[in-house]
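A short worksheet on the structure shown next.
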Amino acid sequence: MTDASMQSPETRRHAVSLTASDARTKKRAAAEKRFRAYGIIAIATGLFFLIVLFTSILSQGIPAFQRTVVSVEFTLSADQRDEAEGTMFKTKAYSNLFIAELNEQLAESGITVDFDQDAIERLLGKIGGTIRTFYADNPGKLGEPIMFDLAASSRVDGYFKGRVSRDTLQDSRFLQLSDLDLVDALKEAGIIKQAFNWPFITGADSGVDNPGGAGIGASVVGSFFMMLVVLCLSLPIGVAASIYLEEFAPQNKFTDLIEVNISNLAAVPSIVFGILGLAVFIQFMHLPQSAPLVGGLVLTLMTLPTIIISTRASLKAVPPSIRDAALGVGASKMQAVFHHVLPLAAPGILTGTIIGLAQALGETAPLLLIGMVGFVARGYPDGFLAGFTEPNSAMPAQIYTWAARADVGFYEKAWGGIIILLMFLLTMNIIAIILRRRFERRW
Amino acid sequence: MNDMTRVERTVDSKDIKINAKQVQVYYGDTHAIKDVDVEIEDNTVTAFIGPSGCGKSTFLRCLNRMNDTIDICRVQGDILLDGEDIYDKRVDPVQLRAKVGMVFQKPNPFPKSIYDNVAYGPRIHGLAKNKAELDEIVEKSLRRGAIWDEVKDRLDAPGTGLSGGQQQRLCIARAVATEPEVLLMDEPCSALDPIATAQVEELIDELRSRYSVVIVTHSMQQAARVSQKTAFFHLGNLVEFGETGQIFTNPEDPRTESYITGRIG
């Protein structure tokens, strides 16, 4: 019937074949084609920027995972130790022993190069002190050949990575042109080489003039403790609040007000939560500054609205017929919610929570105000509980700190830190997807 | 007013299971049900018919207080189940709903196994002491739901994987598993094909021997086929209530006649 009514005016008007399209149809087809083209252009633009982003992050950040090490097999006899300890400048004595060893090894490879203690210290730092401390801590190692893997200074590292070249290098207290001859010689002898930068992943931050020794490990631990606080607080509070609001609360002006405020909170700039945390947690409650506990509390405030909104959305998505069914067989409201509605909403809740956590993990601004940015975490917290209260940094804060430092060596570290951070975020998102797939049920 | 007819018809010897007197239901400011008086007998199928929006489903949901879940809904008047007011403050709707089971318009099995669907009610009411008793209840209920033979080999399969008609019979089995005394059915066949409908109707007739069944239906033929008593609702009023045969062949009220003959509705 519809066909007949649609066909008759058409045939009356033109009596054209269906294979020939009229102007109107052509126009519509063109509009559709244009729209598809816009869509493809939009996606292509997005992909382009994504590729640019990833190539720049990877190309700038991957060098951070490489470090330049000088590996020297060194043997110190007990006599040599005693002799060195007897001198006036003890570390200098150790240095000289090391330099002699290095010279010997160079000579074995048939290379001779002229260098002094200052040059070797520009390359490797206070080498004498390092060796002395090692043997003071491990007296049992005396007389055994020990492989010393010594990190080369940031400038030498830069020479290997192309950041520093002979043309641009200006003599300074960090590195002199003549030192590069020594570096080249060591390279030829196979003593200096590039290796995977484990200290970057496991280590703590270093001082402002030692980018080579900077590691992100301590701030990963800081972030971990913060996320633990966020998860333990925001998931139960957020889920309980959403269940109450969605399933139990009466619909009135008051609950409407709460609802509007939750939506508003989700849009509040994170630095506002930071200043709130500073005022309430640190100045009023006197919680320790720069502590992951405080960072976690602040990020909990920030994550809660996200979790509440996504939880309520997934509770709403559970068909009301399921609630009816449960109530119809005599389940109480709470039984209906906990036995039937919540399991069905769980994938959505979990996804929302993980997305919220990922957001919190990458948040820097609130940490600025509670003193986690710029804090140089020199080591790991001692013990689990101390992890919450001892001052520490967090991954994004650490990256921010590095990016703000003057030495170009830190620039590379910042990019490397971003790669680590992105890896964590990616892992969390993958977990979210897997959980959703796993728990998804049809009804 | 229109109750005169009803008074004459309820000369049957059967017990009155539910006695509703002067029931008013309001949705906010809307007066959805006006002065409804109905007596629902035991071991009888009572059908509620009427055009869409006439309040028959609303009234049905009053009988097990499912309207409690709607914030703006208010119920006035008395609804007595075995002489007890179900809207009494001391009555727990949870207990009431165990006694007055409900089957909904759209089959709504839980996204769980067939076994768990049926076992859920007995479990939360503590009707079975052990697994063997629970198994027994599940089998008995599925048999009463006339679906045992079709699912006995796959009790672990999800209830949502069954066909529409099977799902609805599963829902009926789930409702009878809690040993209710009254079974409310809100258009139980509207989502089903004619064959499934026939199966469910047959089942309803069997259920009559144990329960008092109240069924809301859009299909007058269905009301005529399955029910012994019929109530006709129109615009929130109970227009006529009486023996099904009499309502369909010799209605007293002109509105009932118009509806049955297809002139209104």
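Order determines the names: the first chain of the structure tokens is A, the second B, and so forth; residues in each chain are numbered 1 upward, and ligands are numbered 1 upward as they are shown.
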Selection near region 174-187 of chain A, 7 Å with only C-alpha atoms, sequence-local residues under 6 positions removed, as a PyMOL selection string: chain A and resi 111+113+119+122+155+166+193
Any chance you could tabulate, as CSV, the residues of chain A at most 10 Å from chain B with each one's nearest atom pair and distance in Å to one decimal, using only C-alpha atoms, in chain and rising number order?
```
residue,atom,partner,partner_atom,distance
A:Glu247,CA,B:Thr69,CA,9.7
A:Phe248,CA,B:Thr69,CA,9.5
A:Ala249,CA,B:Asp71,CA,9.8
A:Pro250,CA,B:Asp71,CA,6.8
A:Gln251,CA,B:Asp71,CA,7.3
A:Asn252,CA,B:Asp71,CA,9.7
A:Pro319,CA,B:Asn108,CA,9.4
A:Pro320,CA,B:Asn108,CA,9.6
A:Ser321,CA,B:Asn108,CA,6.0
A:Ile322,CA,B:Asn108,CA,6.3
A:Arg323,CA,B:Asn108,CA,9.5
A:Asp324,CA,B:Met66,CA,8.0
A:Ala325,CA,B:Asn108,CA,6.4
A:Ala326,CA,B:Gly121,CA,8.3
A:Leu327,CA,B:Arg97,CA,7.4
A:Gly328,CA,B:Met102,CA,5.4
A:Val329,CA,B:Gly121,CA,5.6
A:Gly330,CA,B:Arg97,CA,4.7
A:Ala331,CA,B:Val94,CA,6.1
A:Ser332,CA,B:Val94,CA,5.7
A:Lys333,CA,B:Val94,CA,8.6
A:Gln335,CA,B:Ile124,CA,8.5
A:His339,CA,B:Tyr120,CA,9.6
A:His340,CA,B:Phe110,CA,7.5
A:Val341,CA,B:Phe110,CA,9.9
A:Pro343,CA,B:Pro111,CA,9.9
A:Leu344,CA,B:Pro111,CA,8.5
A:Arg441,CA,B:Pro111,CA,7.1
A:Arg442,CA,B:Pro111,CA,6.8
A:Trp443,CA,B:Pro111,CA,5.5
```
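Atom pair CA of Pro194 (chain B) / CA of Met220 (chain B): separated by 14.5 Å.
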Non-local contacts of Leu134 (chain B) (9 Å; only C-alpha atoms; under 4 positions in same chain excluded) as a list of chain:residue names: B:Ala119, B:Pro122, B:Arg123, B:Leu127, B:Ala128, B:Lys129, B:Asn130, B:Val138, B:Glu139
Backbone DSSP call of strand (DSSP E or B) for region 153-225 of chain A, listed as a VMD selection string: chain A and resid 192 to 196
Selection export as a compact mmCIF listing (two decimals), in the first residue's frame, atoms kept: N, CA and C atoms:
```txt
# COMPACT_ATOMS: atom_id res chain seq x y z
N ILE A 192 83.89 1.68 27.15
CA ILE A 192 82.69 2.50 27.31
C ILE A 192 81.67 2.06 26.27
N LYS A 193 80.46 1.81 26.71
CA LYS A 193 79.43 1.39 25.74
C LYS A 193 78.04 1.75 26.25
N GLN A 194 77.06 1.55 25.38
CA GLN A 194 75.68 1.86 25.77
C GLN A 194 75.03 0.59 26.30
N ALA A 195 74.20 0.77 27.32
CA ALA A 195 73.51 -0.38 27.90
C ALA A 195 72.11 0.04 28.30
N PHE A 196 71.27 -0.95 28.60
CA PHE A 196 69.91 -0.61 29.00
C PHE A 196 69.93 0.09 30.34
```
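Among the candidates A:Leu257, A:Ile216, A:Leu304, A:Ala78, the one nearest to Ala64 (chain A) when counting only C-alpha atoms is A:Ile216.
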Helix (DSSP H, G or I) residues, from DSSP on the backbone, in region 175-340 of chain A, as JSON, numbers by chain: {"A": [177, 178, 179, 180, 181, 182, 183, 184, 185, 186, 187, 188, 198, 199, 200, 201, 202, 211, 212, 213, 217, 218, 219, 220, 221, 222, 223, 224, 225, 226, 227, 228, 229, 230, 231, 232, 233, 234, 235, 236, 237, 238, 239, 240, 241, 242, 243, 244, 245, 246, 247, 248, 253, 254, 255, 256, 257, 258, 259, 260, 261, 262, 263, 264, 265, 266, 270, 271, 272, 273, 274, 275, 276, 277, 278, 279, 280, 281, 282, 283, 284, 292, 293, 294, 295, 296, 297, 298, 299, 300, 301, 302, 303, 304, 305, 306, 307, 308, 309, 310, 311, 312, 313, 314, 315, 316, 320, 321, 322, 323, 324, 325, 326, 327, 328, 333, 334, 335, 336, 337, 338, 339, 340]}
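Take CA of Arg255 (chain B) and CA of Asp15 (chain B): the distance between them is 29.3 Å.
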Non-local contacts of Thr244 (chain B) (8 Å; only C-alpha atoms; under 3 positions in same chain excluded) as a PyMOL selection string: chain B and resi 223-224+227-230+247-248
Same residues, N, CA and C atoms, output as a PDB file, in the first residue's frame:
```pdb
ATOM      1  N   ALA B 223      -9.440 -13.320  27.398  1.00  0.00           N
ATOM      2  CA  ALA B 223     -10.224 -13.224  28.630  1.00  0.00           C
ATOM      3  C   ALA B 223     -11.359 -14.235  28.579  1.00  0.00           C
ATOM      4  N   ALA B 224     -12.016 -14.325  27.441  1.00  0.00           N
ATOM      5  CA  ALA B 224     -13.150 -15.242  27.302  1.00  0.00           C
ATOM      6  C   ALA B 224     -12.688 -16.685  27.427  1.00  0.00           C
ATOM      7  N   SER B 227     -10.765 -17.081  31.530  1.00  0.00           N
ATOM      8  CA  SER B 227     -11.236 -16.606  32.832  1.00  0.00           C
ATOM      9  C   SER B 227     -12.640 -17.085  33.158  1.00  0.00           C
ATOM     10  N   GLN B 228     -12.908 -17.096  34.473  1.00  0.00           N
ATOM     11  CA  GLN B 228     -14.270 -17.372  34.925  1.00  0.00           C
ATOM     12  C   GLN B 228     -14.973 -16.078  35.298  1.00  0.00           C
ATOM     13  N   LYS B 229     -14.152 -15.115  35.780  1.00  0.00           N
ATOM     14  CA  LYS B 229     -14.706 -13.814  36.143  1.00  0.00           C
ATOM     15  C   LYS B 229     -14.012 -12.762  35.292  1.00  0.00           C
ATOM     16  N   THR B 230     -14.715 -11.728  34.927  1.00  0.00           N
ATOM     17  CA  THR B 230     -14.109 -10.663  34.144  1.00  0.00           C
ATOM     18  C   THR B 230     -14.489  -9.321  34.742  1.00  0.00           C
ATOM     19  N   ILE B 247     -20.592 -11.329  30.971  1.00  0.00           N
ATOM     20  CA  ILE B 247     -20.020 -10.066  30.494  1.00  0.00           C
ATOM     21  C   ILE B 247     -19.938 -10.064  28.976  1.00  0.00           C
ATOM     22  N   PHE B 248     -19.560 -11.206  28.412  1.00  0.00           N
ATOM     23  CA  PHE B 248     -19.353 -11.225  26.962  1.00  0.00           C
ATOM     24  C   PHE B 248     -20.634 -11.420  26.169  1.00  0.00           C
TER      25      PHE B 248
END
```
Selection: 9 Å around Gln199 (chain B), only C-alpha atoms, excl. self and same-chain fewer than 3 positions, as a ChimeraX atom specification: /B:146,165,169,194-196,202-204
Could you write out the selected residues, including N, CA and C atoms, as a JSON list (two decimals), in the first residue's frame?
```
[["chain", "number", "residue", "atom", "x", "y", "z"],
["B", 146, "ALA", "N", 4.95, -26.00, 33.27],
["B", 146, "ALA", "CA", 4.82, -26.75, 32.01],
["B", 146, "ALA", "C", 6.02, -26.56, 31.11],
["B", 165, "GLY", "N", 8.29, -17.77, 24.47],
["B", 165, "GLY", "CA", 7.26, -18.51, 25.18],
["B", 165, "GLY", "C", 7.83, -19.31, 26.33],
["B", 169, "ARG", "N", 7.09, -19.01, 30.41],
["B", 169, "ARG", "CA", 6.72, -20.13, 31.28],
["B", 169, "ARG", "C", 7.75, -20.31, 32.40],
["B", 194, "PRO", "N", 1.18, -16.96, 18.71],
["B", 194, "PRO", "CA", -0.06, -17.68, 19.03],
["B", 194, "PRO", "C", 0.16, -19.05, 19.66],
["B", 195, "ILE", "N", 1.22, -19.76, 19.22],
["B", 195, "ILE", "CA", 1.42, -21.10, 19.77],
["B", 195, "ILE", "C", 1.85, -21.01, 21.23],
["B", 196, "ALA", "N", 2.80, -20.12, 21.49],
["B", 196, "ALA", "CA", 3.25, -19.93, 22.87],
["B", 196, "ALA", "C", 2.10, -19.43, 23.73],
["B", 202, "GLU", "N", -3.16, -22.53, 28.41],
["B", 202, "GLU", "CA", -3.45, -23.85, 28.95],
["B", 202, "GLU", "C", -2.90, -23.97, 30.37],
["B", 203, "LEU", "N", -1.69, -23.44, 30.51],
["B", 203, "LEU", "CA", -1.03, -23.46, 31.81],
["B", 203, "LEU", "C", -1.83, -22.67, 32.84],
["B", 204, "ILE", "N", -2.33, -21.51, 32.44],
["B", 204, "ILE", "CA", -3.11, -20.68, 33.36],
["B", 204, "ILE", "C", -4.31, -21.47, 33.88]]
```
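Residue neighbourhood of Asp156 (chain B), excluding near-sequence residues (fewer than 3 positions): B:Lys112, B:Ser113, B:Ile114, B:Tyr115, B:Asp116, B:Val151, B:Lys152, B:Asp153, B:Gly159, at 10 Å, using only C-alpha atoms.
Between CA of Ser242 (chain A) and CA of Thr306 (chain A) the separation is 10.9 Å.
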Spatial neighbours of Val208 (chain A), 10 Å, only C-alpha atoms, chain gap at least 5 places, as an MDAnalysis selection string: chainID A and resid 214 376 401:402 405:407 410
Save out the residues we just selected, N, CA and C atoms, as a PDB file, in the first residue's frame.
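So the final result, stored in selection-v3.pdb, reads:
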```pdb
ATOM      1  N   ALA A 214      69.179  10.112  37.237  1.00  0.00           N
ATOM      2  CA  ALA A 214      67.775  10.270  37.602  1.00  0.00           C
ATOM      3  C   ALA A 214      66.968   9.047  37.179  1.00  0.00           C
ATOM      4  N   VAL A 376      62.321  16.206  45.538  1.00  0.00           N
ATOM      5  CA  VAL A 376      63.274  15.256  44.982  1.00  0.00           C
ATOM      6  C   VAL A 376      63.297  14.020  45.872  1.00  0.00           C
ATOM      7  N   THR A 401      58.779  18.004  36.920  1.00  0.00           N
ATOM      8  CA  THR A 401      60.006  18.499  37.545  1.00  0.00           C
ATOM      9  C   THR A 401      61.177  18.405  36.578  1.00  0.00           C
ATOM     10  N   TRP A 402      61.295  17.259  35.917  1.00  0.00           N
ATOM     11  CA  TRP A 402      62.402  17.080  34.982  1.00  0.00           C
ATOM     12  C   TRP A 402      62.315  18.060  33.819  1.00  0.00           C
ATOM     13  N   ARG A 405      63.741  21.428  34.558  1.00  0.00           N
ATOM     14  CA  ARG A 405      65.148  21.603  34.932  1.00  0.00           C
ATOM     15  C   ARG A 405      65.983  22.082  33.745  1.00  0.00           C
ATOM     16  N   ALA A 406      67.087  22.763  34.070  1.00  0.00           N
ATOM     17  CA  ALA A 406      67.865  23.438  33.030  1.00  0.00           C
ATOM     18  C   ALA A 406      68.667  22.465  32.169  1.00  0.00           C
ATOM     19  N   ASP A 407      69.241  21.454  32.793  1.00  0.00           N
ATOM     20  CA  ASP A 407      70.129  20.551  32.072  1.00  0.00           C
ATOM     21  C   ASP A 407      69.361  19.786  30.991  1.00  0.00           C
ATOM     22  N   PHE A 410      67.903  16.223  31.362  1.00  0.00           N
ATOM     23  CA  PHE A 410      66.622  15.928  31.991  1.00  0.00           C
ATOM     24  C   PHE A 410      65.470  15.907  30.995  1.00  0.00           C
TER      25      PHE A 410
END
```
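Comparing A:Gly215, A:Phe200, A:Leu76, A:Lys92 by their smallest distance to Ile146 (chain A), the closest is A:Leu76 (using only C-alpha atoms).
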